[in-house]
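structure-v4.csv (CSV, C-alpha atoms)
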```csv
chain,number,residue,atom,x,y,z
Y,1,GLY,CA,49.6,72.1,74.9
Y,2,GLY,CA,49.4,75.0,77.4
Y,3,LYS,CA,48.7,74.8,81.1
Y,4,ARG,CA,45.5,76.3,82.2
Y,5,ARG,CA,45.8,78.9,84.9
Y,6,SER,CA,44.2,82.2,85.6
Y,7,GLY,CA,46.0,85.2,84.2
Y,8,PRO,CA,48.6,86.7,86.5
Y,9,GLU,CA,47.4,90.2,87.0
Y,10,LYS,CA,47.7,92.7,89.8
Y,11,ARG,CA,45.8,96.1,89.9
Y,12,GLY,CA,45.4,96.4,86.2
Y,13,GLN,CA,49.0,95.6,85.4
Y,14,LEU,CA,50.4,92.3,84.1
Y,15,VAL,CA,52.8,90.4,86.2
Y,16,GLY,CA,56.3,89.2,85.2
Y,17,CYS,CA,56.5,91.7,82.3
Y,18,VAL,CA,59.8,93.0,80.9
Y,19,SER,CA,59.4,96.6,79.7
Y,20,ILE,CA,60.3,97.6,76.2
Y,21,GLU,CA,63.2,99.5,77.7
Y,22,GLY,CA,64.8,96.1,78.4
Y,23,ARG,CA,64.4,95.0,74.7
Y,24,PRO,CA,67.7,94.6,72.8
Y,25,LYS,CA,68.7,97.6,70.7
Y,26,ALA,CA,68.9,95.3,67.6
Y,27,VAL,CA,65.1,95.2,67.7
Y,28,ASP,CA,64.9,99.0,67.3
Y,29,SER,CA,67.1,99.0,64.2
Y,30,ARG,CA,64.8,96.6,62.2
Y,31,ARG,CA,68.0,95.0,60.7
Y,32,ARG,CA,67.0,91.4,61.5
Y,33,PHE,CA,64.0,89.2,61.0
Y,34,GLY,CA,62.1,87.5,63.9
Y,35,ASP,CA,61.3,90.5,66.0
Y,36,TRP,CA,57.5,90.7,66.2
Y,37,GLU,CA,54.9,93.0,67.5
Y,38,GLY,CA,51.6,91.6,68.6
Y,39,ASP,CA,48.1,92.9,69.4
Y,40,THR,CA,44.4,92.1,69.1
Y,41,VAL,CA,41.6,93.5,66.9
Y,42,VAL,CA,38.3,93.0,68.8
Y,43,SER,CA,34.6,92.7,68.1
Y,44,PRO,CA,32.1,95.0,69.8
Y,45,GLY,CA,31.8,94.0,73.4
Y,46,ARG,CA,35.1,92.2,73.2
Y,47,ARG,CA,33.3,88.9,72.5
Y,48,SER,CA,35.8,87.6,69.9
Y,49,GLY,CA,38.7,89.0,67.8
Y,50,LEU,CA,41.8,88.5,65.9
Y,51,VAL,CA,45.4,88.1,67.1
Y,52,THR,CA,47.7,90.0,64.8
Y,53,MET,CA,51.5,89.5,64.8
Y,54,VAL,CA,53.8,91.5,62.5
Y,55,ASP,CA,57.6,91.0,61.8
Y,56,ARG,CA,59.2,94.5,62.4
Y,57,LYS,CA,61.7,94.2,59.5
Y,58,SER,CA,59.6,92.7,56.7
Y,59,GLY,CA,56.1,93.6,57.8
Y,60,TYR,CA,55.1,90.0,57.3
Y,61,THR,CA,51.9,89.4,59.1
Y,62,ARG,CA,50.2,86.4,60.8
Y,63,ILE,CA,46.6,86.7,61.8
Y,64,ARG,CA,44.5,84.2,63.8
Y,65,LYS,CA,40.9,84.3,64.8
Y,66,THR,CA,40.2,83.7,68.5
Y,67,ALA,CA,36.8,82.7,69.9
Y,68,SER,CA,37.4,84.8,73.0
Y,69,LEU,CA,39.9,87.3,74.3
Y,70,LYS,CA,40.6,85.3,77.5
Y,71,SER,CA,44.4,85.1,77.9
Y,72,ALA,CA,44.6,81.3,77.4
Y,73,THR,CA,42.7,81.4,74.2
Y,74,THR,CA,44.6,84.4,72.8
Y,75,ILE,CA,48.0,82.9,73.7
Y,76,GLN,CA,47.0,79.6,72.0
Y,77,ALA,CA,46.1,81.5,68.8
Y,78,ALA,CA,49.4,83.3,68.9
Y,79,CYS,CA,51.3,80.1,69.4
Y,80,ARG,CA,49.5,78.4,66.5
Y,81,SER,CA,50.2,81.3,64.3
Y,82,LEU,CA,54.0,81.3,64.7
Y,83,ARG,CA,54.8,77.7,65.5
Y,84,ASP,CA,55.6,76.7,62.0
Y,85,LEU,CA,58.3,79.4,61.5
Y,86,PRO,CA,62.0,78.5,61.8
Y,87,ASP,CA,63.7,79.4,65.2
Y,88,ALA,CA,65.6,82.2,63.5
Y,89,LEU,CA,62.3,83.9,62.7
Y,90,ARG,CA,61.2,83.7,66.4
Y,91,ARG,CA,63.4,86.1,68.5
Y,92,THR,CA,61.3,88.6,70.3
Y,93,MET,CA,57.7,89.7,70.6
Y,94,THR,CA,56.6,93.2,71.8
Y,95,LEU,CA,53.0,93.3,73.1
Y,96,ASP,CA,50.7,95.8,74.6
Y,97,ASN,CA,49.5,95.5,78.2
Y,98,GLY,CA,46.1,94.0,77.5
Y,99,LYS,CA,44.7,91.4,79.8
Y,100,GLU,CA,44.6,89.0,76.9
Y,101,PHE,CA,48.4,88.7,77.1
Y,102,ALA,CA,48.5,87.9,80.8
Y,103,GLU,CA,49.8,84.4,80.1
Y,104,HIS,CA,52.7,85.7,78.0
Y,105,GLU,CA,55.1,83.3,79.7
Y,106,GLN,CA,53.3,80.4,77.9
Y,107,LEU,CA,54.0,82.2,74.6
Y,108,ALA,CA,57.6,82.7,75.4
Y,109,GLU,CA,58.0,79.0,76.5
Y,110,ASP,CA,56.2,77.5,73.5
Y,111,LEU,CA,57.9,79.6,70.9
Y,112,GLY,CA,61.3,80.4,72.4
Y,113,LEU,CA,60.5,84.1,72.2
Y,114,ASP,CA,61.7,86.9,74.5
Y,115,ILE,CA,58.6,88.9,75.4
Y,116,TYR,CA,58.6,92.7,76.0
Y,117,PHE,CA,55.8,95.1,76.7
Y,118,ALA,CA,55.2,98.5,75.4
Y,119,LYS,CA,54.4,101.2,77.9
Y,120,PRO,CA,50.7,101.7,78.6
Y,121,TYR,CA,49.0,104.1,76.1
Y,122,ALA,CA,52.1,104.2,73.9
Y,123,SER,CA,50.8,102.4,70.8
Y,124,TRP,CA,53.6,104.0,68.7
Y,125,GLN,CA,56.0,101.7,70.4
Y,126,ARG,CA,54.3,98.9,68.4
Y,127,GLY,CA,53.8,101.1,65.3
Y,128,THR,CA,54.3,98.4,62.7
Y,129,ASN,CA,51.5,96.4,64.3
Y,130,GLU,CA,49.2,99.4,64.7
Y,131,HIS,CA,49.7,100.3,61.0
Y,132,THR,CA,49.0,96.7,60.0
Y,133,ASN,CA,45.8,96.6,62.1
Y,134,GLY,CA,44.7,99.8,60.3
Y,135,LEU,CA,45.2,98.0,56.9
Y,136,LEU,CA,43.3,95.0,58.3
Y,137,ARG,CA,40.3,97.3,58.9
Y,138,GLN,CA,40.0,97.6,55.1
Y,139,PHE,CA,38.8,94.0,55.2
Y,140,PHE,CA,37.1,94.0,58.6
Y,141,PRO,CA,35.7,97.5,59.4
Y,142,LYS,CA,35.2,98.6,63.0
Y,143,GLY,CA,32.1,97.0,64.3
Y,144,THR,CA,32.8,93.7,62.6
Y,145,ASP,CA,31.7,90.7,64.7
Y,146,PHE,CA,34.6,88.3,64.3
Y,147,ALA,CA,32.4,85.4,65.5
Y,148,ARG,CA,30.6,85.7,62.1
Y,149,ILE,CA,33.9,85.8,60.1
Y,150,SER,CA,35.3,82.5,58.9
Y,151,HIS,CA,38.9,81.3,59.3
Y,152,ARG,CA,39.1,81.3,55.5
Y,153,GLN,CA,38.2,85.0,55.4
Y,154,VAL,CA,40.9,85.8,57.9
Y,155,ALA,CA,43.5,83.7,56.0
Y,156,ARG,CA,42.6,85.5,52.8
Y,157,ALA,CA,43.0,88.9,54.4
Y,158,GLU,CA,46.4,87.7,55.8
Y,159,GLN,CA,47.4,86.6,52.3
Y,160,LEU,CA,46.4,89.8,50.6
Y,161,LEU,CA,48.3,91.9,53.2
Y,162,ASN,CA,51.4,89.8,52.7
Y,163,GLU,CA,51.2,90.1,48.9
Y,164,ARG,CA,50.8,93.9,49.0
Y,165,PRO,CA,53.9,95.7,47.7
Y,166,ARG,CA,55.3,98.1,50.4
Y,167,LYS,CA,57.1,101.4,49.6
Y,168,ARG,CA,59.5,100.8,52.6
Y,169,LEU,CA,60.5,97.5,51.0
Y,170,GLY,CA,61.4,98.9,47.6
Y,171,TYR,CA,57.9,97.9,46.4
Y,172,ARG,CA,58.5,94.3,47.2
Y,173,THR,CA,55.9,92.3,49.1
Y,174,THR,CA,56.4,91.3,52.7
Y,175,GLN,CA,56.2,87.7,51.6
Y,176,GLU,CA,59.0,88.2,49.0
Y,177,VAL,CA,61.3,89.8,51.6
Y,178,LEU,CA,60.7,87.0,54.2
Y,179,ALA,CA,60.9,84.2,51.6
Y,180,LYS,CA,64.3,85.4,50.4
Y,181,ASN,CA,65.5,85.4,54.0
Y,182,MET,CA,64.2,81.9,54.6
Y,183,ARG,CA,66.1,80.5,51.5
Y,184,CYS,CA,69.4,81.9,52.8
Y,185,ASN,CA,69.1,80.1,56.2
```

Mind turning the file's structure into C-alpha coordinates?
Amino acid sequence: GGKRRSGPEKRGQLVGCVSIEGRPKAVDSRRRFGDWEGDTVVSPGRRSGLVTMVDRKSGYTRIRKTASLKSATTIQAACRSLRDLPDALRRTMTLDNGKEFAEHEQLAEDLGLDIYFAKPYASWQRGTNEHTNGLLRQFFPKGTDFARISHRQVARAEQLLNERPRKRLGYRTTQEVLAKNMRCN
(Lines of atoms letter the chains of each structure in order from A and count residues from 1; the text may use other names and numbers.)
(Lines give C-alpha, C1' and ligand atoms only; values in the text may rest on other atoms or scores of the structure.)
Protein backbone atom coordinates (compact mmCIF):
# COMPACT_ATOMS: atom_id res chain seq x y z
CA GLY A 1 0.00 0.00 0.00
CA GLY A 2 1.22 3.45 -0.87
CA LYS A 3 1.47 6.46 1.36
CA ARG A 4 -0.84 9.28 0.40
CA ARG A 5 0.86 12.60 -0.10
CA SER A 6 0.55 15.47 -2.46
CA GLY A 7 2.74 15.22 -5.56
CA PRO A 8 6.18 16.79 -5.17
CA GLU A 9 6.16 19.48 -7.81
CA LYS A 10 7.86 22.79 -8.25
CA ARG A 11 7.14 25.31 -11.03
CA GLY A 12 5.98 22.67 -13.52
CA GLN A 13 8.91 20.35 -12.90
CA LEU A 14 8.85 17.15 -10.91
CA VAL A 15 11.12 16.98 -7.88
CA GLY A 16 13.66 14.25 -7.15
CA CYS A 17 13.94 13.18 -10.78
CA VAL A 18 16.98 11.58 -12.34
CA SER A 19 17.40 12.63 -15.97
CA ILE A 20 17.65 10.10 -18.76
CA GLU A 21 21.28 11.19 -19.03
CA GLY A 22 21.92 9.37 -15.74
CA ARG A 23 20.39 6.15 -17.03
CA PRO A 24 22.79 3.19 -17.47
CA LYS A 25 24.12 2.78 -21.01
CA ALA A 26 22.90 -0.85 -20.95
CA VAL A 27 19.35 0.49 -21.22
CA ASP A 28 20.16 2.22 -24.51
CA SER A 29 21.46 -0.99 -26.10
CA ARG A 30 18.18 -2.95 -25.57
CA ARG A 31 20.25 -6.05 -24.81
CA ARG A 32 18.53 -6.92 -21.55
CA PHE A 33 14.97 -7.36 -20.34
CA GLY A 34 13.43 -5.32 -17.53
CA ASP A 35 14.07 -1.80 -18.81
CA TRP A 36 10.65 -0.20 -19.19
CA GLU A 37 9.20 2.97 -20.67
CA GLY A 38 6.00 4.35 -19.16
CA ASP A 39 3.34 6.85 -20.17
CA THR A 40 -0.37 7.56 -20.05
CA VAL A 41 -3.05 7.63 -22.74
CA VAL A 42 -5.78 10.03 -21.65
CA SER A 43 -9.47 10.68 -22.17
CA PRO A 44 -10.66 14.10 -23.33
CA GLY A 45 -10.44 16.54 -20.43
CA ARG A 46 -7.91 14.25 -18.70
CA ARG A 47 -10.73 12.66 -16.67
CA SER A 48 -9.44 9.07 -16.91
CA GLY A 49 -6.87 7.11 -18.84
CA LEU A 50 -4.58 4.18 -19.31
CA VAL A 51 -1.12 3.66 -17.85
CA THR A 52 1.08 1.97 -20.44
CA MET A 53 4.42 0.31 -19.76
CA VAL A 54 6.59 -1.33 -22.40
CA ASP A 55 9.74 -3.42 -22.02
CA ARG A 56 12.37 -1.86 -24.31
CA LYS A 57 13.94 -5.14 -25.47
CA SER A 58 10.88 -7.30 -26.10
CA GLY A 59 8.16 -4.70 -26.62
CA TYR A 60 6.09 -6.62 -24.06
CA THR A 61 3.34 -4.31 -22.87
CA ARG A 62 1.35 -3.90 -19.67
CA ILE A 63 -1.69 -1.62 -19.65
CA ARG A 64 -3.87 -0.63 -16.71
CA LYS A 65 -6.93 1.55 -16.58
CA THR A 66 -6.81 4.39 -14.09
CA ALA A 67 -9.89 6.21 -12.82
CA SER A 68 -8.00 9.49 -12.58
CA LEU A 69 -4.66 10.89 -13.63
CA LYS A 70 -3.80 11.99 -10.10
CA SER A 71 -0.31 10.85 -9.29
CA ALA A 72 -1.29 8.46 -6.46
CA THR A 73 -3.85 6.70 -8.67
CA THR A 74 -1.52 6.49 -11.67
CA ILE A 75 1.36 5.13 -9.60
CA GLN A 76 -0.92 2.52 -7.97
CA ALA A 77 -1.99 1.32 -11.44
CA ALA A 78 1.65 1.12 -12.58
CA CYS A 79 2.59 -0.86 -9.46
CA ARG A 80 -0.31 -3.29 -9.91
CA SER A 81 0.70 -3.74 -13.53
CA LEU A 82 4.29 -4.87 -12.92
CA ARG A 83 4.17 -6.33 -9.39
CA ASP A 84 3.77 -9.95 -10.56
CA LEU A 85 6.93 -9.90 -12.71
CA PRO A 86 10.18 -11.44 -11.43
CA ASP A 87 12.77 -9.00 -10.06
CA ALA A 88 15.00 -9.63 -13.11
CA LEU A 89 12.28 -8.09 -15.27
CA ARG A 90 12.06 -4.95 -13.11
CA ARG A 91 15.27 -2.95 -13.55
CA THR A 92 14.52 0.56 -14.81
CA MET A 93 11.58 2.72 -15.87
CA THR A 94 11.86 5.79 -18.09
CA LEU A 95 8.91 8.17 -17.78
CA ASP A 96 7.86 11.49 -19.22
CA ASN A 97 7.55 14.58 -17.03
CA GLY A 98 3.78 14.49 -16.58
CA LYS A 99 2.32 15.44 -13.19
CA GLU A 100 0.77 11.98 -13.02
CA PHE A 101 4.26 10.62 -12.27
CA ALA A 102 5.02 13.08 -9.46
CA GLU A 103 5.01 10.25 -6.89
CA HIS A 104 7.57 8.22 -8.85
CA GLU A 105 9.50 7.43 -5.65
CA GLN A 106 6.61 5.18 -4.58
CA LEU A 107 6.89 3.26 -7.86
CA ALA A 108 10.64 2.86 -7.35
CA GLU A 109 10.17 1.70 -3.76
CA ASP A 110 7.29 -0.73 -4.44
CA LEU A 111 8.87 -2.39 -7.49
CA GLY A 112 12.60 -1.98 -6.90
CA LEU A 113 12.97 0.02 -10.12
CA ASP A 114 15.41 2.81 -10.86
CA ILE A 115 13.34 5.65 -12.36
CA TYR A 116 14.60 8.03 -15.04
CA PHE A 117 12.87 10.89 -16.82
CA ALA A 118 13.04 11.80 -20.49
CA LYS A 119 13.70 15.43 -21.27
CA PRO A 120 10.57 17.58 -21.63
CA TYR A 121 9.11 17.51 -25.15
CA ALA A 122 11.50 14.70 -26.17
CA SER A 123 9.03 11.85 -26.70
CA TRP A 124 11.55 10.05 -28.95
CA GLN A 125 13.51 9.27 -25.78
CA ARG A 126 10.66 6.88 -24.97
CA GLY A 127 10.07 5.83 -28.55
CA THR A 128 9.10 2.23 -27.79
CA ASN A 129 6.30 3.45 -25.56
CA GLU A 130 5.17 6.15 -28.00
CA HIS A 131 4.99 3.55 -30.79
CA THR A 132 3.00 1.19 -28.56
CA ASN A 133 0.59 3.96 -27.60
CA GLY A 134 0.05 4.53 -31.32
CA LEU A 135 -0.80 0.84 -31.76
CA LEU A 136 -3.13 1.08 -28.76
CA ARG A 137 -5.06 3.84 -30.57
CA GLN A 138 -6.18 1.17 -33.07
CA PHE A 139 -8.30 -0.20 -30.22
CA PHE A 140 -9.11 3.09 -28.49
CA PRO A 141 -9.10 6.03 -30.96
CA LYS A 142 -8.40 9.59 -29.82
CA GLY A 143 -11.46 10.92 -28.05
CA THR A 144 -12.16 7.60 -26.27
CA ASP A 145 -13.60 8.11 -22.79
CA PHE A 146 -11.74 5.47 -20.79
CA ALA A 147 -14.31 5.74 -17.98
CA ARG A 148 -16.64 3.92 -20.43
CA ILE A 149 -14.09 1.21 -21.30
CA SER A 150 -14.04 -1.94 -19.18
CA HIS A 151 -10.95 -3.48 -17.57
CA ARG A 152 -11.72 -6.55 -19.73
CA GLN A 153 -11.50 -4.45 -22.93
CA VAL A 154 -8.15 -3.06 -21.78
CA ALA A 155 -6.87 -6.55 -20.94
CA ARG A 156 -7.96 -7.80 -24.39
CA ALA A 157 -6.10 -4.94 -26.15
CA GLU A 158 -2.99 -5.75 -24.06
CA GLN A 159 -3.26 -9.42 -25.01
CA LEU A 160 -3.63 -8.67 -28.72
CA LEU A 161 -0.65 -6.29 -28.67
CA ASN A 162 1.51 -8.91 -26.93
CA GLU A 163 0.42 -11.61 -29.40
CA ARG A 164 1.24 -9.45 -32.45
CA PRO A 165 4.32 -10.63 -34.39
CA ARG A 166 6.96 -7.89 -34.66
CA LYS A 167 9.44 -7.48 -37.49
CA ARG A 168 12.20 -6.34 -35.10
CA LEU A 169 11.77 -9.61 -33.17
CA GLY A 170 12.14 -11.82 -36.25
CA TYR A 171 8.32 -11.98 -36.48
CA ARG A 172 8.02 -13.52 -33.04
CA THR A 173 5.54 -12.03 -30.61
CA THR A 174 6.58 -9.96 -27.60
CA GLN A 175 5.00 -12.62 -25.42
CA GLU A 176 7.14 -15.39 -27.02
CA VAL A 177 10.33 -13.39 -26.57
CA LEU A 178 9.62 -12.58 -22.92
CA ALA A 179 8.34 -16.07 -22.05
CA LYS A 180 11.53 -17.65 -23.42
CA ASN A 181 13.56 -15.33 -21.18
CA MET A 182 11.45 -16.14 -18.12
CA ARG A 183 12.03 -19.91 -18.62
CA CYS A 184 15.80 -19.37 -18.66
CA ASN A 185 15.85 -17.65 -15.27

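Nearest residue to Y:Gln106, choosing from Y:Ala88, Y:Lys119, Y:Thr74, Y:Ala179 and counting all atoms listed in the file: Y:Thr74.
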
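The coordinates place atom CA of Y:Phe117 at 13.7 Å from atom CA of Y:Asp28.
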
> When you draw a straight line from atom CA of Y:Gly34 to atom CA of Y:Leu85, how long is it in Å?
Replying inline: 9.3 Å

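Comparing the minimum interatomic distances between Y:Ile20 and each of Y:Ser68, Y:Gln125, Y:Ser81, Y:Thr144, counting all atoms listed in the file, we find that Y:Gln125 sits nearest.
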
> Could you work out how far atom CA of Y:Gly98 lies from atom CA of Y:Lys70, giving the answer in Å with one decimal?
Replying inline: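 Answer for the atom CA of Y:Lys70 to atom CA of Y:Gly98 separation: 10.3 Å.
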
>> Please determine, counting only C-alpha atoms, which residue among Y:Asn97, Y:Asn133, Y:Gln159, Y:Thr66 has the shortest atom-to-atom distance to Y:Tyr121.
In response: Y:Asn97

Can you tell me which residues surround Y:Ser48 at a distance of at most 7 Å, considering only C-alpha atoms, apart from same-chain residues fewer than 4 positions away, and format the answer as an mmCIF file with C-alpha atoms, in the coordinates of the input?
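Output file part_14.cif is given in full below:
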```
data_model
loop_
_atom_site.group_PDB
_atom_site.id
_atom_site.type_symbol
_atom_site.label_atom_id
_atom_site.label_comp_id
_atom_site.auth_asym_id
_atom_site.auth_seq_id
_atom_site.Cartn_x
_atom_site.Cartn_y
_atom_site.Cartn_z
ATOM 1 C CA VAL Y 42 38.300 93.000 68.800
ATOM 2 C CA SER Y 43 34.600 92.700 68.100
ATOM 3 C CA THR Y 66 40.200 83.700 68.500
ATOM 4 C CA ALA Y 67 36.800 82.700 69.900
ATOM 5 C CA SER Y 68 37.400 84.800 73.000
ATOM 6 C CA LEU Y 69 39.900 87.300 74.300
ATOM 7 C CA PHE Y 146 34.600 88.300 64.300
ATOM 8 C CA ALA Y 147 32.400 85.400 65.500
#
```

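Using all atoms listed in the file for every distance, the candidate list Y:Gly134, Y:Gly112, Y:Gly59, Y:Gly170 yields Y:Gly59 as the residue closest to Y:Trp36.
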
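Proximity of Y:Glu109, Y:Glu130, Y:Glu158, Y:Glu103 to Y:Gly38, computed with all atoms listed in the file, is greatest for Y:Glu130.
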
> What residues have an atom no more than 12 Å from (61.5, 87.0, 64.3) in the file's own frame, counting only C-alpha atoms, and can you write them as an NGL selection string?
Replying inline: :Y and (26-27 or 30-38 or 53-62 or 82-83 or 85-94 or 111-115 or 178 or 181-182)

> So which residues are close to (45.8, 85.9, 53.1), meaning at most 12 Å away in the file's coordinates with only C-alpha atoms counted, and can you show them as a VMD selection string?
Replying inline: chain Y and resid 60 to 64 136 139 151 to 164 174 to 175

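Candidate residues Y:Arg46, Y:Arg168, Y:His104, Y:Arg148 were compared for distance to Y:Cys79, and the nearest is Y:His104, using all atoms listed in the file.
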
>> Please list as a list in words every residue within 9 Å of Y:Phe101, counting all atoms listed in the file and excluding residues in the same chain fewer than 5 positions away.
In response: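 Counting only the stated atoms, we get Gly7, Leu14, Asp39, Lys70, Ser71, Ala72, Thr74, Ile75, Leu95, Asp96 and Leu107 of chain Y.
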
Where atoms are lacking, stretch 152-163 of chain Y completed to all heavy atoms, as a PDB file, keeping the file's coordinate frame:
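And here is the file that came out, out.pdb:
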```pdb
ATOM      1  N   ARG Y 152      38.706  81.094  56.933  1.00  0.00           N
ATOM      2  CA  ARG Y 152      39.100  81.300  55.500  1.00  0.00           C
ATOM      3  C   ARG Y 152      39.164  82.756  55.159  1.00  0.00           C
ATOM      4  O   ARG Y 152      40.088  83.195  54.474  1.00  0.00           O
ATOM      5  CB  ARG Y 152      38.143  80.531  54.615  1.00  0.00           C
ATOM      6  CG  ARG Y 152      38.531  80.589  53.141  1.00  0.00           C
ATOM      7  CD  ARG Y 152      37.589  79.761  52.329  1.00  0.00           C
ATOM      8  NE  ARG Y 152      37.740  78.384  52.747  1.00  0.00           N
ATOM      9  CZ  ARG Y 152      37.828  77.350  51.932  1.00  0.00           C
ATOM     10  NH1 ARG Y 152      37.772  77.554  50.643  1.00  0.00           N
ATOM     11  NH2 ARG Y 152      37.967  76.141  52.389  1.00  0.00           N
ATOM     12  N   GLN Y 153      38.203  83.547  55.629  1.00  0.00           N
ATOM     13  CA  GLN Y 153      38.200  85.000  55.400  1.00  0.00           C
ATOM     14  C   GLN Y 153      39.418  85.661  56.014  1.00  0.00           C
ATOM     15  O   GLN Y 153      40.039  86.543  55.424  1.00  0.00           O
ATOM     16  CB  GLN Y 153      36.918  85.642  55.861  1.00  0.00           C
ATOM     17  CG  GLN Y 153      35.691  85.327  55.029  1.00  0.00           C
ATOM     18  CD  GLN Y 153      34.433  85.832  55.702  1.00  0.00           C
ATOM     19  OE1 GLN Y 153      34.006  85.285  56.720  1.00  0.00           O
ATOM     20  NE2 GLN Y 153      33.843  86.872  55.143  1.00  0.00           N
ATOM     21  N   VAL Y 154      39.746  85.215  57.214  1.00  0.00           N
ATOM     22  CA  VAL Y 154      40.900  85.800  57.900  1.00  0.00           C
ATOM     23  C   VAL Y 154      42.190  85.389  57.172  1.00  0.00           C
ATOM     24  O   VAL Y 154      43.075  86.231  56.957  1.00  0.00           O
ATOM     25  CB  VAL Y 154      40.949  85.273  59.390  1.00  0.00           C
ATOM     26  CG1 VAL Y 154      42.247  85.682  60.071  1.00  0.00           C
ATOM     27  CG2 VAL Y 154      39.739  85.804  60.153  1.00  0.00           C
ATOM     28  N   ALA Y 155      42.289  84.135  56.740  1.00  0.00           N
ATOM     29  CA  ALA Y 155      43.500  83.700  56.000  1.00  0.00           C
ATOM     30  C   ALA Y 155      43.614  84.447  54.685  1.00  0.00           C
ATOM     31  O   ALA Y 155      44.733  84.785  54.274  1.00  0.00           O
ATOM     32  CB  ALA Y 155      43.371  82.175  55.729  1.00  0.00           C
ATOM     33  N   ARG Y 156      42.509  84.748  54.033  1.00  0.00           N
ATOM     34  CA  ARG Y 156      42.600  85.500  52.800  1.00  0.00           C
ATOM     35  C   ARG Y 156      43.054  86.931  53.024  1.00  0.00           C
ATOM     36  O   ARG Y 156      43.889  87.446  52.261  1.00  0.00           O
ATOM     37  CB  ARG Y 156      41.172  85.518  52.117  1.00  0.00           C
ATOM     38  CG  ARG Y 156      41.122  86.272  50.819  1.00  0.00           C
ATOM     39  CD  ARG Y 156      41.892  85.554  49.724  1.00  0.00           C
ATOM     40  NE  ARG Y 156      41.762  86.308  48.474  1.00  0.00           N
ATOM     41  CZ  ARG Y 156      42.708  86.441  47.579  1.00  0.00           C
ATOM     42  NH1 ARG Y 156      43.866  85.835  47.751  1.00  0.00           N
ATOM     43  NH2 ARG Y 156      42.524  87.136  46.491  1.00  0.00           N
ATOM     44  N   ALA Y 157      42.575  87.571  54.084  1.00  0.00           N
ATOM     45  CA  ALA Y 157      43.000  88.900  54.400  1.00  0.00           C
ATOM     46  C   ALA Y 157      44.535  88.901  54.712  1.00  0.00           C
ATOM     47  O   ALA Y 157      45.282  89.776  54.248  1.00  0.00           O
ATOM     48  CB  ALA Y 157      42.254  89.476  55.608  1.00  0.00           C
ATOM     49  N   GLU Y 158      44.995  87.887  55.463  1.00  0.00           N
ATOM     50  CA  GLU Y 158      46.400  87.700  55.800  1.00  0.00           C
ATOM     51  C   GLU Y 158      47.224  87.609  54.456  1.00  0.00           C
ATOM     52  O   GLU Y 158      48.247  88.274  54.265  1.00  0.00           O
ATOM     53  CB  GLU Y 158      46.656  86.521  56.641  1.00  0.00           C
ATOM     54  CG  GLU Y 158      48.107  86.226  56.934  1.00  0.00           C
ATOM     55  CD  GLU Y 158      48.298  84.939  57.708  1.00  0.00           C
ATOM     56  OE1 GLU Y 158      47.899  84.885  58.886  1.00  0.00           O
ATOM     57  OE2 GLU Y 158      48.853  83.977  57.127  1.00  0.00           O
ATOM     58  N   GLN Y 159      46.751  86.766  53.559  1.00  0.00           N
ATOM     59  CA  GLN Y 159      47.400  86.600  52.300  1.00  0.00           C
ATOM     60  C   GLN Y 159      47.530  87.861  51.485  1.00  0.00           C
ATOM     61  O   GLN Y 159      48.598  88.205  50.976  1.00  0.00           O
ATOM     62  CB  GLN Y 159      46.690  85.498  51.466  1.00  0.00           C
ATOM     63  CG  GLN Y 159      47.302  85.248  50.106  1.00  0.00           C
ATOM     64  CD  GLN Y 159      46.469  84.292  49.262  1.00  0.00           C
ATOM     65  OE1 GLN Y 159      45.376  83.876  49.646  1.00  0.00           O
ATOM     66  NE2 GLN Y 159      46.987  83.941  48.107  1.00  0.00           N
ATOM     67  N   LEU Y 160      46.430  88.584  51.398  1.00  0.00           N
ATOM     68  CA  LEU Y 160      46.400  89.800  50.600  1.00  0.00           C
ATOM     69  C   LEU Y 160      47.351  90.883  51.252  1.00  0.00           C
ATOM     70  O   LEU Y 160      48.038  91.612  50.527  1.00  0.00           O
ATOM     71  CB  LEU Y 160      45.000  90.367  50.496  1.00  0.00           C
ATOM     72  CG  LEU Y 160      44.092  89.526  49.580  1.00  0.00           C
ATOM     73  CD1 LEU Y 160      42.651  90.003  49.680  1.00  0.00           C
ATOM     74  CD2 LEU Y 160      44.583  89.562  48.136  1.00  0.00           C
ATOM     75  N   LEU Y 161      47.392  90.949  52.583  1.00  0.00           N
ATOM     76  CA  LEU Y 161      48.300  91.900  53.200  1.00  0.00           C
ATOM     77  C   LEU Y 161      49.765  91.511  52.939  1.00  0.00           C
ATOM     78  O   LEU Y 161      50.595  92.377  52.690  1.00  0.00           O
ATOM     79  CB  LEU Y 161      48.081  91.912  54.746  1.00  0.00           C
ATOM     80  CG  LEU Y 161      46.839  92.652  55.227  1.00  0.00           C
ATOM     81  CD1 LEU Y 161      46.668  92.479  56.729  1.00  0.00           C
ATOM     82  CD2 LEU Y 161      46.907  94.127  54.866  1.00  0.00           C
ATOM     83  N   ASN Y 162      50.068  90.219  52.961  1.00  0.00           N
ATOM     84  CA  ASN Y 162      51.400  89.800  52.700  1.00  0.00           C
ATOM     85  C   ASN Y 162      51.856  89.831  51.262  1.00  0.00           C
ATOM     86  O   ASN Y 162      53.040  89.785  50.952  1.00  0.00           O
ATOM     87  CB  ASN Y 162      51.658  88.373  53.302  1.00  0.00           C
ATOM     88  CG  ASN Y 162      51.726  88.393  54.812  1.00  0.00           C
ATOM     89  OD1 ASN Y 162      52.237  89.345  55.405  1.00  0.00           O
ATOM     90  ND2 ASN Y 162      51.200  87.369  55.444  1.00  0.00           N
ATOM     91  N   GLU Y 163      50.884  89.946  50.360  1.00  0.00           N
ATOM     92  CA  GLU Y 163      51.200  90.100  48.900  1.00  0.00           C
ATOM     93  C   GLU Y 163      51.134  91.522  48.461  1.00  0.00           C
ATOM     94  O   GLU Y 163      51.314  91.796  47.282  1.00  0.00           O
ATOM     95  CB  GLU Y 163      50.167  89.246  48.118  1.00  0.00           C
ATOM     96  CG  GLU Y 163      50.342  87.753  48.297  1.00  0.00           C
ATOM     97  CD  GLU Y 163      49.279  86.940  47.575  1.00  0.00           C
ATOM     98  OE1 GLU Y 163      48.274  87.517  47.094  1.00  0.00           O
ATOM     99  OE2 GLU Y 163      49.440  85.704  47.512  1.00  0.00           O
TER     100      GLU Y 163
END
```
